[in-house]
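Participant: Dropping the structure in here first, questions after.
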Amino acid sequence: QVQLVESGGGLVQPGGSLRLSCAASGIFFTIYNMGWYRQAPGKQRELVAVITSGGSTNYVDSVKGRFTISRDNTKKTVYLQMNSLKQEDTAVYYCNAARGLDEFWGQGTQVTVSS
């Protein structure tokens with residue numbers, strides 16, 4: 001049974017930082033591309049960052065220079081370090097594992113940026 005469990009969300013002031021974690025089980029983690037998506041109220045889910053099985057990364061323009069995605073294959077965990085947070089980063093953040101037609105999602109973790 002595949003599980004992706006996110007943690008690390010919460011309330012933070014503008015300019016602050018958070019680190020999200022996503023622990024995977026039930027998949028051969030090393031061969032999956034891992035991504036973070038987010039969905040704000042009334043908006044479509046968007047890809048925030050992705051890290052391939054080979055370690056290449058890509059980011060949506062709005063977070064470049066502020067967010068960093070990384071993975072620890074020994075811990076089967078992917079991280080999203082979020083710095084200089086803005087109110088527009090407020091959303092539910094979802095972890096995603098993808099390989100070919102296989103795709104799995106976590107339950108999401110709320111990030112709220114507010115003063």
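Lettering and numbering for the structure tokens are positional, with chains as A, B, ... in the shown order, residues counted from 1 in each chain, and ligands counted from 1 in the shown order.
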Fewer than 5 positions away in the same chain doesn't count, so skip those; otherwise give me all residues within 8 Å of Leu20 in chain A, counting only C-alpha atoms, as an NGL selection string.
Facilitator: :A and (6-9 or 79-82)
Participant: DSSP on the backbone: which residues in range 18-114 of chain A end up as strand (DSSP E or B)? Give the answer as number ranges by chain.
Facilitator: A: 18-25, 33-39, 46-51, 57-59, 67-72, 77-82, 91-99, 102-105, 109-113
Participant: Just the helix (DSSP H, G or I) stuff from chain A, please, per backbone DSSP, written as number ranges by chain.
Facilitator: A: 29-31, 61-63, 87-89
Participant: Find the spatial neighbours of Tyr94 in chain A, counting only C-alpha atoms, within a cut-off of 6 Å - ignore same-chain residues fewer than 3 positions away - and output them as a ChimeraX atom specification.
Facilitator: /A:36-38,106,108
Participant: Between CA of Arg71 in chain A and CA of Ile51 in chain A, what distance in Å does the model show, to one decimal?
Facilitator: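 Interatomic distance here is 7.6 Å.
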Participant: Report, in Å to a single decimal, how far apart CA of Thr52 in chain A and CA of Glu88 in chain A are.
Facilitator: 26.0 Å
Participant: Write out as a list in words the residues lying within 8 Å of Arg99 in chain A, counting only C-alpha atoms and excluding same-chain residues fewer than 5 positions away.
Facilitator: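 The contact residues come out as Ile31, Tyr32 and Asn33 of chain A.
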Participant: Using only C-alpha atoms, which of the listed residues (A:Thr57, A:Thr90, A:Asn73, A:Ser21) sits closest to Thr112 in chain A?
Facilitator: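 Among A:Thr57, A:Thr90, A:Asn73, A:Ser21, it is A:Thr90 that comes nearest to Thr112 in chain A.
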Participant: Between A:Val60, A:Val2, A:Leu11, A:Ile69, single out the one closest to Phe29 in chain A, counting only C-alpha atoms.
Facilitator: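 Of all the options, A:Val2 lies closest to Phe29 in chain A.
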Participant: Find, counting only C-alpha atoms, the residue in A:Ser115, A:Asn96, A:Ser84, A:Ser25 that gets nearest to Leu47 in chain A.
Facilitator: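 Closest to Leu47 in chain A, using only C-alpha atoms: A:Asn96.
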Participant: From the list A:Val92, A:Gly16, A:Phe104, A:Gln3, which residue is nearest Gly35 in chain A when using only C-alpha atoms?
Facilitator: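 Smallest distance to Gly35 in chain A is found for A:Phe104.
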Participant: Looking at A:Val113, A:Val63, A:Leu85, A:Met34, which one is nearest to Gly15 in chain A, with distances taken over only C-alpha atoms?
Facilitator: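 Under the stated criterion, the closest residue is A:Leu85.
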Participant: Figure out the distance between CA of Gly26 in chain A and CA of Ala49 in chain A, please, to one decimal in Å.
Facilitator: 22.4 Å
Participant: From the set A:Asn58, A:Thr74, A:Gln13, A:Ser53, which residue has the shortest atom-to-atom contact distance to Gln87 in chain A, counting only C-alpha atoms?
Facilitator: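 Closest candidate: A:Gln13.
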Participant: Find the residues around Cys22 in chain A up to 6 Å (only C-alpha atoms counted), leave out those fewer than 3 positions away in its own chain, and share them as a ChimeraX atom specification.
Facilitator: /A:5-6,77-78
